[in-house]
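> Contents of protein.csv (CSV, C-alpha atoms):
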```
chain,number,residue,atom,x,y,z
I,23,MET,CA,0.0,0.0,0.0
I,24,LEU,CA,1.2,3.5,-0.9
I,25,ARG,CA,1.6,5.9,2.0
I,26,LEU,CA,-0.3,9.2,1.9
I,27,THR,CA,2.8,11.2,1.1
I,28,GLN,CA,3.6,8.9,-1.8
I,29,LYS,CA,0.0,9.2,-3.2
I,30,ILE,CA,0.2,13.0,-2.9
I,31,MET,CA,3.5,13.1,-4.7
I,32,LEU,CA,2.3,10.8,-7.5
I,33,LEU,CA,-0.9,12.9,-7.8
I,34,SER,CA,1.1,16.1,-8.0
I,35,LYS,CA,3.3,14.6,-10.8
I,36,VAL,CA,0.3,13.8,-12.9
I,37,VAL,CA,-1.4,17.2,-12.3
I,38,THR,CA,1.8,19.2,-12.8
I,39,SER,CA,2.7,17.2,-15.9
I,40,TYR,CA,-0.7,17.9,-17.4
I,41,ILE,CA,-0.8,21.6,-16.6
I,42,GLY,CA,2.9,22.0,-17.7
I,43,CYS,CA,2.0,20.6,-21.1
I,44,VAL,CA,-0.7,23.2,-21.7
I,45,ILE,CA,0.6,26.3,-20.0
I,46,GLY,CA,3.4,27.2,-22.4
I,47,ALA,CA,4.3,30.3,-24.3
I,48,GLY,CA,0.9,30.9,-25.9
I,49,PHE,CA,-1.0,30.3,-22.7
I,50,ALA,CA,1.3,32.0,-20.1
I,51,SER,CA,1.8,35.1,-22.4
I,52,GLY,CA,-2.0,35.4,-22.8
I,53,GLN,CA,-1.6,35.3,-26.6
I,54,GLU,CA,-3.5,32.1,-27.3
I,55,ILE,CA,-6.2,32.9,-24.8
I,56,MET,CA,-6.5,36.2,-26.6
I,57,GLN,CA,-6.9,34.5,-30.0
I,58,PHE,CA,-9.3,31.8,-28.9
I,59,PHE,CA,-11.4,33.4,-26.2
I,60,ILE,CA,-10.9,37.1,-25.4
I,61,LEU,CA,-11.4,38.3,-29.0
I,62,HIS,CA,-14.8,36.6,-28.9
I,63,GLY,CA,-16.0,39.0,-26.3
I,64,ASN,CA,-18.6,37.7,-23.8
I,65,ARG,CA,-19.2,34.6,-25.9
I,66,GLY,CA,-15.6,33.6,-25.3
I,67,LEU,CA,-16.5,32.7,-21.7
I,68,LEU,CA,-18.8,30.0,-23.1
I,69,GLY,CA,-15.8,28.7,-25.0
I,70,VAL,CA,-13.8,28.7,-21.7
I,71,ALA,CA,-16.5,26.6,-19.9
I,72,LEU,CA,-16.5,24.1,-22.8
I,73,ALA,CA,-12.7,23.9,-22.7
I,74,ALA,CA,-12.7,23.3,-19.0
I,75,VAL,CA,-15.1,20.4,-19.2
I,76,LEU,CA,-13.2,18.8,-22.1
I,77,PHE,CA,-9.8,19.2,-20.4
I,78,ALA,CA,-11.1,17.5,-17.2
I,79,TYR,CA,-12.8,14.6,-19.0
I,80,LEU,CA,-9.9,14.0,-21.5
I,81,GLY,CA,-7.2,14.3,-18.9
I,82,GLY,CA,-8.9,11.5,-16.8
I,83,LEU,CA,-9.6,9.4,-19.9
I,84,VAL,CA,-6.0,9.6,-21.2
I,85,MET,CA,-4.6,8.5,-17.8
I,86,PHE,CA,-7.2,5.7,-17.6
I,87,LEU,CA,-6.3,4.4,-21.0
I,88,ALA,CA,-2.5,4.8,-20.5
I,89,ILE,CA,-2.5,3.0,-17.2
I,90,ARG,CA,-4.8,0.2,-18.2
I,91,MET,CA,-2.6,-0.3,-21.3
I,92,ARG,CA,0.6,0.2,-19.3
I,93,SER,CA,1.9,2.3,-22.1
I,94,THR,CA,5.3,4.0,-22.3
I,95,ASN,CA,4.5,6.3,-25.3
I,96,TYR,CA,1.5,7.6,-27.1
I,97,LEU,CA,1.7,5.2,-30.1
I,98,ASP,CA,-0.1,2.4,-28.1
I,99,LEU,CA,-2.9,4.8,-27.3
I,100,LEU,CA,-3.2,6.1,-30.8
I,101,SER,CA,-3.4,2.5,-32.2
I,102,PHE,CA,-6.2,1.7,-29.8
I,103,VAL,CA,-8.4,4.7,-30.4
I,104,MET,CA,-7.7,5.1,-34.2
I,105,GLY,CA,-6.6,1.7,-35.4
I,106,PRO,CA,-3.1,0.7,-36.5
I,107,ALA,CA,-3.1,2.4,-40.0
I,108,ALA,CA,-4.7,5.7,-38.9
I,109,GLY,CA,-2.7,5.6,-35.7
I,110,LYS,CA,0.6,5.6,-37.7
I,111,VAL,CA,-0.6,8.7,-39.7
I,112,MET,CA,-1.5,10.5,-36.6
I,113,ASP,CA,1.8,9.5,-35.1
I,114,ILE,CA,3.6,11.4,-37.8
I,115,LEU,CA,1.3,14.4,-37.4
I,116,ASN,CA,1.9,14.3,-33.6
I,117,LEU,CA,5.6,14.4,-34.1
I,118,LEU,CA,5.4,17.3,-36.4
I,119,MET,CA,3.0,19.2,-34.0
I,120,LEU,CA,5.3,18.5,-31.1
I,121,LEU,CA,8.3,19.8,-33.1
I,122,GLY,CA,6.3,22.9,-34.2
I,123,GLY,CA,5.2,23.5,-30.6
I,124,LEU,CA,8.8,23.4,-29.5
I,125,SER,CA,9.6,26.1,-32.1
I,126,VAL,CA,6.8,28.2,-30.8
I,127,MET,CA,8.1,27.9,-27.3
I,128,MET,CA,11.5,29.1,-28.5
I,129,ALA,CA,9.9,32.0,-30.3
I,130,GLY,CA,8.1,32.9,-27.2
I,131,SER,CA,11.3,32.9,-25.2
I,132,ALA,CA,12.8,35.2,-27.8
I,133,ALA,CA,9.8,37.6,-27.4
I,134,VAL,CA,10.2,37.7,-23.6
I,135,PHE,CA,13.9,38.3,-23.8
I,136,GLY,CA,13.6,41.0,-26.3
I,137,GLU,CA,10.4,42.8,-25.2
I,138,GLU,CA,10.7,42.3,-21.4
I,139,PHE,CA,14.3,41.9,-20.5
I,140,GLY,CA,15.9,44.1,-23.2
I,141,LEU,CA,18.2,41.3,-24.3
I,142,PRO,CA,18.9,39.9,-27.8
I,143,ALA,CA,16.1,37.7,-29.0
I,144,ARG,CA,18.5,35.0,-30.1
I,145,SER,CA,19.7,34.6,-26.5
I,146,GLY,CA,16.2,33.7,-25.5
I,147,ILE,CA,16.1,31.0,-28.1
I,148,TRP,CA,19.4,29.5,-27.2
I,149,SER,CA,18.9,29.6,-23.4
I,150,LEU,CA,15.7,27.7,-23.8
I,151,CYS,CA,17.3,25.2,-26.1
I,152,VAL,CA,20.2,24.6,-23.7
I,153,LEU,CA,18.0,24.3,-20.5
I,154,THR,CA,15.5,22.0,-22.2
I,155,THR,CA,18.3,19.8,-23.4
I,156,MET,CA,19.7,19.6,-19.9
I,157,VAL,CA,16.4,18.5,-18.4
I,158,ILE,CA,15.9,15.9,-21.2
I,159,LEU,CA,19.4,14.5,-20.4
I,160,GLY,CA,18.0,13.7,-16.9
I,161,GLY,CA,15.4,11.3,-18.4
I,162,LEU,CA,11.8,10.9,-17.3
I,163,ASP,CA,12.7,11.6,-13.6
I,164,GLY,CA,14.2,14.9,-14.7
I,165,VAL,CA,11.1,15.9,-16.6
I,166,LEU,CA,8.8,15.1,-13.7
I,167,ALA,CA,11.0,16.8,-11.1
I,168,ALA,CA,11.1,20.0,-13.3
I,169,ASN,CA,7.3,20.0,-13.5
I,170,VAL,CA,6.8,19.5,-9.8
I,171,ILE,CA,9.0,22.4,-9.0
I,172,LEU,CA,8.2,24.9,-11.8
I,173,VAL,CA,4.5,24.3,-12.7
I,174,PRO,CA,3.0,25.3,-9.4
I,175,ILE,CA,5.0,28.5,-9.4
I,176,LYS,CA,3.8,29.5,-12.9
I,177,PHE,CA,0.2,28.4,-12.4
I,178,LEU,CA,-0.2,30.4,-9.2
I,179,ALA,CA,1.6,33.4,-10.8
I,180,ILE,CA,-0.8,33.5,-13.8
I,181,VAL,CA,-3.9,33.1,-11.6
I,182,LEU,CA,-2.6,35.7,-9.2
I,183,ILE,CA,-1.9,38.3,-11.8
I,184,ALA,CA,-5.3,37.8,-13.4
I,185,CYS,CA,-7.1,38.1,-10.0
I,186,VAL,CA,-5.2,41.2,-9.0
I,187,VAL,CA,-5.9,42.9,-12.4
I,188,ILE,CA,-9.6,42.1,-12.0
I,189,ILE,CA,-9.7,43.4,-8.4
I,190,LYS,CA,-7.7,46.6,-9.2
I,191,SER,CA,-9.9,47.4,-12.2
I,192,GLY,CA,-12.0,49.2,-9.6
I,193,ASN,CA,-15.3,50.5,-10.8
I,194,SER,CA,-14.7,49.3,-14.4
I,195,THR,CA,-17.9,47.7,-15.6
I,196,LEU,CA,-17.5,44.2,-17.1
I,197,SER,CA,-20.5,44.5,-19.4
I,198,SER,CA,-18.9,47.0,-21.7
I,199,PRO,CA,-15.9,45.0,-22.9
I,200,PHE,CA,-18.0,41.8,-22.8
I,201,VAL,CA,-20.2,42.8,-25.6
I,202,ALA,CA,-17.2,43.6,-27.9
I,203,ASN,CA,-16.7,40.9,-30.4
I,204,VAL,CA,-13.5,41.3,-32.4
I,205,GLU,CA,-12.8,38.5,-34.8
I,206,GLY,CA,-11.3,35.6,-32.9
I,207,VAL,CA,-9.9,32.2,-34.0
I,208,ALA,CA,-12.4,29.9,-35.7
I,209,GLY,CA,-15.1,32.6,-36.0
I,210,HIS,CA,-17.3,31.2,-33.3
I,211,TRP,CA,-16.7,30.5,-29.6
I,212,PHE,CA,-17.9,26.9,-29.8
I,213,TRP,CA,-15.4,25.9,-32.5
I,214,ALA,CA,-12.7,28.0,-30.8
I,215,GLY,CA,-13.2,26.1,-27.6
I,216,PHE,CA,-13.0,22.7,-29.4
I,217,LEU,CA,-10.0,23.8,-31.4
I,218,TYR,CA,-8.2,25.1,-28.3
I,219,VAL,CA,-8.6,21.8,-26.4
I,220,SER,CA,-7.9,19.6,-29.5
I,221,TYR,CA,-4.5,21.1,-30.3
I,222,ASN,CA,-3.6,21.4,-26.6
I,223,MET,CA,-4.2,17.7,-26.1
I,224,VAL,CA,-1.5,16.7,-28.5
I,225,VAL,CA,1.3,17.3,-25.9
I,226,PRO,CA,-0.6,16.0,-22.9
I,227,VAL,CA,-1.4,12.7,-24.7
I,228,ALA,CA,2.3,12.3,-25.6
I,229,VAL,CA,3.4,13.1,-22.0
I,230,LEU,CA,0.7,11.4,-19.9
I,231,SER,CA,0.8,8.2,-21.9
I,232,SER,CA,4.4,7.8,-20.9
I,233,LEU,CA,3.3,7.5,-17.3
I,234,GLY,CA,1.2,4.4,-17.9
I,235,ARG,CA,3.6,2.1,-15.9
I,236,VAL,CA,4.5,4.4,-13.0
I,237,ILE,CA,1.1,5.8,-11.8
I,238,PRO,CA,-1.7,3.8,-10.0
I,239,LEU,CA,-5.1,3.9,-11.8
I,240,LYS,CA,-7.2,5.9,-9.3
I,241,ILE,CA,-4.4,8.5,-8.8
I,242,GLY,CA,-3.9,8.8,-12.5
I,243,ILE,CA,-7.6,9.5,-13.2
I,244,ALA,CA,-7.9,11.9,-10.3
I,245,GLY,CA,-4.8,13.7,-11.5
I,246,GLY,CA,-6.1,14.1,-15.0
I,247,VAL,CA,-9.4,15.5,-13.9
I,248,ILE,CA,-7.9,17.8,-11.3
I,249,GLY,CA,-5.4,19.1,-13.8
I,250,GLY,CA,-8.1,19.7,-16.4
I,251,LEU,CA,-10.2,21.7,-13.9
I,252,LEU,CA,-7.3,23.8,-12.8
I,253,LEU,CA,-6.5,24.6,-16.4
I,254,GLY,CA,-10.1,25.7,-16.9
I,255,LEU,CA,-9.7,28.0,-13.8
I,256,ALA,CA,-6.6,29.6,-15.2
I,257,VAL,CA,-8.1,30.2,-18.6
I,258,SER,CA,-11.2,31.7,-17.1
I,259,MET,CA,-9.3,34.1,-14.9
I,260,VAL,CA,-7.0,35.3,-17.7
I,261,THR,CA,-10.0,35.7,-20.0
I,262,LEU,CA,-11.9,37.8,-17.5
I,263,ALA,CA,-8.9,40.0,-16.9
I,264,GLY,CA,-8.2,40.4,-20.6
I,265,LEU,CA,-11.8,41.4,-21.4
I,266,LEU,CA,-11.4,44.4,-19.2
I,267,TYR,CA,-8.8,45.9,-21.4
I,268,LEU,CA,-10.1,45.5,-24.9
I,269,PRO,CA,-9.4,46.8,-27.5
I,270,GLU,CA,-5.9,48.0,-26.6
I,271,LEU,CA,-4.9,44.6,-25.3
I,272,SER,CA,-5.5,43.0,-28.8
I,273,SER,CA,-2.4,44.7,-30.2
I,274,CYS,CA,0.0,43.2,-27.6
I,275,GLN,CA,2.3,40.3,-28.4
I,276,ILE,CA,2.4,39.3,-24.8
I,277,PRO,CA,-1.0,40.4,-23.3
I,278,LEU,CA,-0.3,39.1,-19.8
I,279,LEU,CA,2.8,41.4,-19.5
I,280,TYR,CA,0.6,44.3,-20.5
I,281,LEU,CA,-1.9,43.4,-17.7
I,282,ALA,CA,1.0,43.0,-15.2
I,283,GLY,CA,2.2,46.4,-16.3
I,284,ARG,CA,-0.9,47.9,-14.8
I,285,LEU,CA,0.4,46.8,-11.4
I,286,GLY,CA,3.8,48.4,-11.5
I,287,TRP,CA,7.2,47.7,-13.2
I,288,VAL,CA,8.5,45.4,-10.4
I,289,PHE,CA,5.5,43.0,-10.7
I,290,HIS,CA,5.7,43.4,-14.5
I,291,LEU,CA,9.4,42.2,-14.5
I,292,ALA,CA,8.6,39.3,-12.1
I,293,ILE,CA,5.7,38.1,-14.3
I,294,GLY,CA,8.0,38.3,-17.3
I,295,PHE,CA,10.4,35.8,-15.7
I,296,LEU,CA,7.5,33.5,-14.6
I,297,ILE,CA,6.1,33.5,-18.1
I,298,TRP,CA,9.5,32.4,-19.3
I,299,LEU,CA,9.4,29.5,-16.8
I,300,ALA,CA,6.0,28.5,-18.3
I,301,ILE,CA,7.6,28.6,-21.8
I,302,LEU,CA,10.5,26.4,-20.5
I,303,THR,CA,8.2,23.7,-19.0
I,304,SER,CA,6.2,23.5,-22.1
I,305,ALA,CA,9.3,23.2,-24.2
I,306,ILE,CA,10.4,20.4,-22.0
I,307,ALA,CA,7.1,18.6,-22.5
I,308,ASP,CA,7.4,18.9,-26.3
I,309,ALA,CA,10.9,17.5,-26.3
I,310,HIS,CA,10.0,14.7,-23.9
I,311,GLY,CA,7.0,13.8,-26.1
I,312,ILE,CA,9.2,13.4,-29.1
I,313,ALA,CA,12.0,11.6,-27.3
I,314,SER,CA,9.6,9.2,-25.4
I,315,ARG,CA,7.9,8.3,-28.7
I,316,LEU,CA,11.1,7.6,-30.6
I,317,ALA,CA,12.9,5.9,-27.7
I,318,PRO,CA,10.2,4.5,-25.3
I,319,GLY,CA,12.8,2.5,-23.4
I,320,GLY,CA,14.6,5.7,-22.4
I,321,GLY,CA,18.4,5.6,-22.1
I,322,ALA,CA,20.9,7.1,-24.4
I,323,ARG,CA,18.6,7.0,-27.4
I,324,TYR,CA,16.0,9.1,-25.5
I,325,ARG,CA,18.6,11.7,-24.8
I,326,VAL,CA,19.8,11.8,-28.3
I,327,TYR,CA,16.4,12.2,-29.8
I,328,GLY,CA,15.4,14.8,-27.3
I,329,THR,CA,18.5,16.9,-28.0
I,330,GLY,CA,18.0,16.5,-31.7
I,331,ALA,CA,14.4,17.8,-31.5
I,332,CYS,CA,15.7,20.9,-29.8
I,333,LEU,CA,18.1,21.5,-32.6
I,334,LEU,CA,15.6,20.8,-35.3
I,335,ALA,CA,13.2,23.4,-33.8
I,336,LEU,CA,15.6,26.2,-34.0
I,337,PRO,CA,15.0,27.5,-37.7
I,338,LEU,CA,11.3,28.1,-37.3
I,339,ALA,CA,11.8,29.8,-33.9
I,340,SER,CA,13.2,32.9,-35.7
I,341,TYR,CA,9.7,33.9,-36.9
I,342,SER,CA,7.4,36.2,-34.9
I,343,PHE,CA,5.9,34.6,-31.9
I,344,SER,CA,2.4,36.0,-32.3
I,345,GLU,CA,2.3,35.0,-36.0
I,346,LEU,CA,3.3,31.4,-35.1
I,347,VAL,CA,0.6,31.2,-32.5
I,348,ARG,CA,-2.1,32.5,-34.9
I,349,LEU,CA,-1.0,30.4,-37.9
I,350,LEU,CA,0.3,27.1,-36.4
I,351,TYR,CA,-2.1,26.7,-33.4
I,352,PRO,CA,-5.4,26.6,-35.4
I,353,ALA,CA,-3.7,24.2,-37.9
I,354,PHE,CA,-2.6,22.0,-34.9
I,355,GLY,CA,-6.2,22.2,-33.6
I,356,CYS,CA,-7.7,21.0,-36.9
I,357,ALA,CA,-5.3,18.0,-36.9
I,358,GLY,CA,-5.9,17.4,-33.2
I,359,LEU,CA,-9.7,17.4,-33.7
I,360,VAL,CA,-9.4,14.0,-35.2
I,361,LEU,CA,-7.5,12.7,-32.1
I,362,MET,CA,-9.9,14.3,-29.7
I,363,ALA,CA,-13.0,13.0,-31.6
I,364,CYS,CA,-11.5,9.5,-31.4
I,365,LEU,CA,-10.7,9.9,-27.7
I,366,LEU,CA,-14.3,11.0,-27.0
I,367,ILE,CA,-16.1,8.4,-29.1
I,368,VAL,CA,-14.0,5.2,-29.5
I,369,PRO,CA,-13.6,4.2,-25.8
I,370,VAL,CA,-17.4,4.7,-25.3
I,371,ILE,CA,-18.2,2.6,-28.3
I,372,LYS,CA,-15.8,-0.2,-27.3
I,373,PHE,CA,-17.1,-0.1,-23.7
I,374,CYS,CA,-20.7,-0.4,-24.9
I,375,LYS,CA,-19.9,-3.3,-27.2
I,376,SER,CA,-17.9,-5.3,-24.8
I,377,GLY,CA,-19.8,-4.5,-21.6
I,378,LYS,CA,-18.3,-3.3,-18.3
I,379,ASN,CA,-17.1,-6.6,-17.1
I,380,ASP,CA,-15.4,-7.5,-20.4
I,381,PHE,CA,-13.6,-4.3,-21.0
I,382,HIS,CA,-10.2,-6.0,-20.5
I,383,ILE,CA,-8.4,-4.5,-23.5
I,384,LEU,CA,-7.9,-1.4,-21.3
```
Is it possible to give me this structure as structure tokens?

Amino acid sequence: MLRLTQKIMLLSKVVTSYIGCVIGAGFASGQEIMQFFILHGNRGLLGVALAAVLFAYLGGLVMFLAIRMRSTNYLDLLSFVMGPAAGKVMDILNLLMLLGGLSVMMAGSAAVFGEEFGLPARSGIWSLCVLTTMVILGGLDGVLAANVILVPIKFLAIVLIACVVIIKSGNSTLSSPFVANVEGVAGHWFWAGFLYVSYNMVVPVAVLSSLGRVIPLKIGIAGGVIGGLLLGLAVSMVTLAGLLYLPELSSCQIPLLYLAGRLGWVFHLAIGFLIWLAILTSAIADAHGIASRLAPGGGARYRVYGTGACLLALPLASYSFSELVRLLYPAFGCAGLVLMACLLIVPVIKFCKSGKNDFHIL
């Protein structure tokens, strides 16, 4: 029997791994929340509610599947929900999306270094590349340890800044910015919510599926659900804060830094550093997803593939961060919709066909 402290530690590893996969450059900067929710005005909040429910359900489901299948990488899970042939196609797309996501993280690091710290943008790219490689060299234990330490800090910082901005808005009425409806991603809050979760599930599926042999079933499911609900909380707080400062917020590359600037330059600088930590943990998740897929047994090959992924992501990282978010993320979402649809539908169909007592394949 696991002791309570061991259960809490395992639960925290699942929760922080899940949150760390999603809260990356686009999320922590506020740029992707801007594109998917804030620019939809008051209707964006409906998209946030939809995203929160999907995050919680899919997080618990992925952990359930991974643990029952005792998977070490996402290929086993893809083959189950999509079939061997389609699973191989999605496998290739997943690798490309993970690599593209890693490039976006590097571009986000460049934006923070250039806009916030006044340092050369290239130094932001290379510092992220080096640190991500160092964590990958520590294997799965290194990835989990980095998440347990860094993810709670960035999560609390993002929620705190959003709460303080909302509180300090004073007598500002919420109804005015809520009715504004600038053009957002997908053109409708419903599709924006689905696209947001679908592309954001690519990295969690890759990372959470690698925990199938190290996490007990109940703890894994609970961790997935709790992580999803906490993600929904963070998205809702940032969306509420952002809606208070439309339309001027829509022109910012890093909206959360703009909001932090309303609280003073010291807080602004601190948030800039914490956003960079968010970028780092997401980059680690992307590199780990690639490495664990290509080298599920870990070891030297895992380290080689993880390092190689960091180097391959460098060329695309030289493009504008906001443009990469707007162009790549909806494309990732469209591809991820297939995966999410399979995750939502296939397990239910197989459960109904086999019956509860005969659902042994999982």
> Please indicate the distance in Å from CA of Ile276 in chain I to CA of Trp211 in chain I, rounded to one decimal place.
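So the answer is 21.6 Å.
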> For CA of Met56 in chain I and CA of Pro277 in chain I, quote the distance in Å rounded to one decimal.
7.7 Å
> Check the smallest atom-to-atom distance from each of I:Gly140, I:Val187, I:Ile30, I:Gly105 to Val260 in chain I using all atoms listed in the file, then report the winner.
I:Val187
> Rank I:Tyr327, I:Phe343, I:Trp298, I:Phe58 by their smallest atom-to-atom distance to Ile175 in chain I, using only C-alpha atoms, and report the top residue only.
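Comparing I:Tyr327, I:Phe343, I:Trp298, I:Phe58 against Ile175 in chain I, the winner is I:Trp298.
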> What separation in Å, quoted to one decimal, exists between CA of Ser145 in chain I and CA of Ser131 in chain I?
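Separation of CA of Ser145 in chain I and CA of Ser131 in chain I: 8.7 Å.
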> Give me the residues within 8 Å of Gly81 in chain I as a list in words, counting all atoms listed in the file and dropping any in the same chain fewer than 3 places off.
Tyr40, Phe77, Ala78, Val84, Met85, Pro226, Ile243, Gly245, Gly246, Val247, Gly249 and Gly250 of chain I
> Between I:Ala168, I:Val37, I:Met362, I:Val70, which one has atoms that come closest to Leu153 in chain I, using all atoms listed in the file?
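Nearest to Leu153 in chain I: I:Ala168.
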> Counting only C-alpha atoms, which of I:Leu26, I:Ile158, I:Ala129, I:Cys356 gets nearest to Arg323 in chain I?
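Ranked by minimum distance to Arg323 in chain I, first place goes to I:Ile158.
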> Leaving out Gly42 in chain I and any residue of its chain fewer than 5 positions from it, which residues lie within 9 Å of it when counting only C-alpha atoms, given as a PyMOL selection string?
chain I and resi 37+169+172-174+176-177+226+300+303-304+306-307
> If you keep C-alpha atoms, can you produce a file of those selected residues as a PDB file, in the coordinates of the input?

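The new file selection_7.pdb reads:
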```pdb
ATOM      1  CA  VAL I  37      -1.400  17.200 -12.300  1.00  0.00           C
ATOM      2  CA  ASN I 169       7.300  20.000 -13.500  1.00  0.00           C
ATOM      3  CA  LEU I 172       8.200  24.900 -11.800  1.00  0.00           C
ATOM      4  CA  VAL I 173       4.500  24.300 -12.700  1.00  0.00           C
ATOM      5  CA  PRO I 174       3.000  25.300  -9.400  1.00  0.00           C
ATOM      6  CA  LYS I 176       3.800  29.500 -12.900  1.00  0.00           C
ATOM      7  CA  PHE I 177       0.200  28.400 -12.400  1.00  0.00           C
ATOM      8  CA  PRO I 226      -0.600  16.000 -22.900  1.00  0.00           C
ATOM      9  CA  ALA I 300       6.000  28.500 -18.300  1.00  0.00           C
ATOM     10  CA  THR I 303       8.200  23.700 -19.000  1.00  0.00           C
ATOM     11  CA  SER I 304       6.200  23.500 -22.100  1.00  0.00           C
ATOM     12  CA  ILE I 306      10.400  20.400 -22.000  1.00  0.00           C
ATOM     13  CA  ALA I 307       7.100  18.600 -22.500  1.00  0.00           C
TER      14      ALA I 307
END
```
> For His310 in chain I, find every residue with an atom within 9 Å (counting only C-alpha atoms), except residues of its own chain fewer than 6 positions away, and show them as a ChimeraX atom specification.
/I:158,161-162,165,228-229,324,328
> With only C-alpha atoms as the atoms that count, which of I:Asp98, I:Asp308, I:Glu137, I:Asp163 lies nearest to Leu124 in chain I?
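Comparing I:Asp98, I:Asp308, I:Glu137, I:Asp163 against Leu124 in chain I, the winner is I:Asp308.
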> Pick the closest to Ala88 in chain I from I:Val134, I:Leu118, I:Val157, I:Val103: which is it, counting only C-alpha atoms?
I:Val103
> Keeping C-alpha atoms (and nothing else), can you write range 209-229 of chain I of this structure as a PDB file, in the first residue's frame?

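Below is the file that was written, result_9.pdb:
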```pdb
ATOM      1  CA  GLY I 209     -15.050  32.649 -36.024  1.00  0.00           C
ATOM      2  CA  HIS I 210     -17.287  31.154 -33.293  1.00  0.00           C
ATOM      3  CA  TRP I 211     -16.730  30.541 -29.579  1.00  0.00           C
ATOM      4  CA  PHE I 212     -17.921  26.931 -29.786  1.00  0.00           C
ATOM      5  CA  TRP I 213     -15.427  25.902 -32.458  1.00  0.00           C
ATOM      6  CA  ALA I 214     -12.731  28.004 -30.825  1.00  0.00           C
ATOM      7  CA  GLY I 215     -13.218  26.053 -27.577  1.00  0.00           C
ATOM      8  CA  PHE I 216     -12.984  22.719 -29.383  1.00  0.00           C
ATOM      9  CA  LEU I 217      -9.954  23.779 -31.409  1.00  0.00           C
ATOM     10  CA  TYR I 218      -8.231  25.090 -28.300  1.00  0.00           C
ATOM     11  CA  VAL I 219      -8.570  21.796 -26.450  1.00  0.00           C
ATOM     12  CA  SER I 220      -7.867  19.641 -29.481  1.00  0.00           C
ATOM     13  CA  TYR I 221      -4.477  21.141 -30.294  1.00  0.00           C
ATOM     14  CA  ASN I 222      -3.647  21.432 -26.594  1.00  0.00           C
ATOM     15  CA  MET I 223      -4.243  17.704 -26.092  1.00  0.00           C
ATOM     16  CA  VAL I 224      -1.452  16.707 -28.467  1.00  0.00           C
ATOM     17  CA  VAL I 225       1.323  17.289 -25.933  1.00  0.00           C
ATOM     18  CA  PRO I 226      -0.592  15.960 -22.874  1.00  0.00           C
ATOM     19  CA  VAL I 227      -1.387  12.728 -24.744  1.00  0.00           C
ATOM     20  CA  ALA I 228       2.303  12.342 -25.550  1.00  0.00           C
ATOM     21  CA  VAL I 229       3.436  13.060 -21.983  1.00  0.00           C
TER      22      VAL I 229
END
```
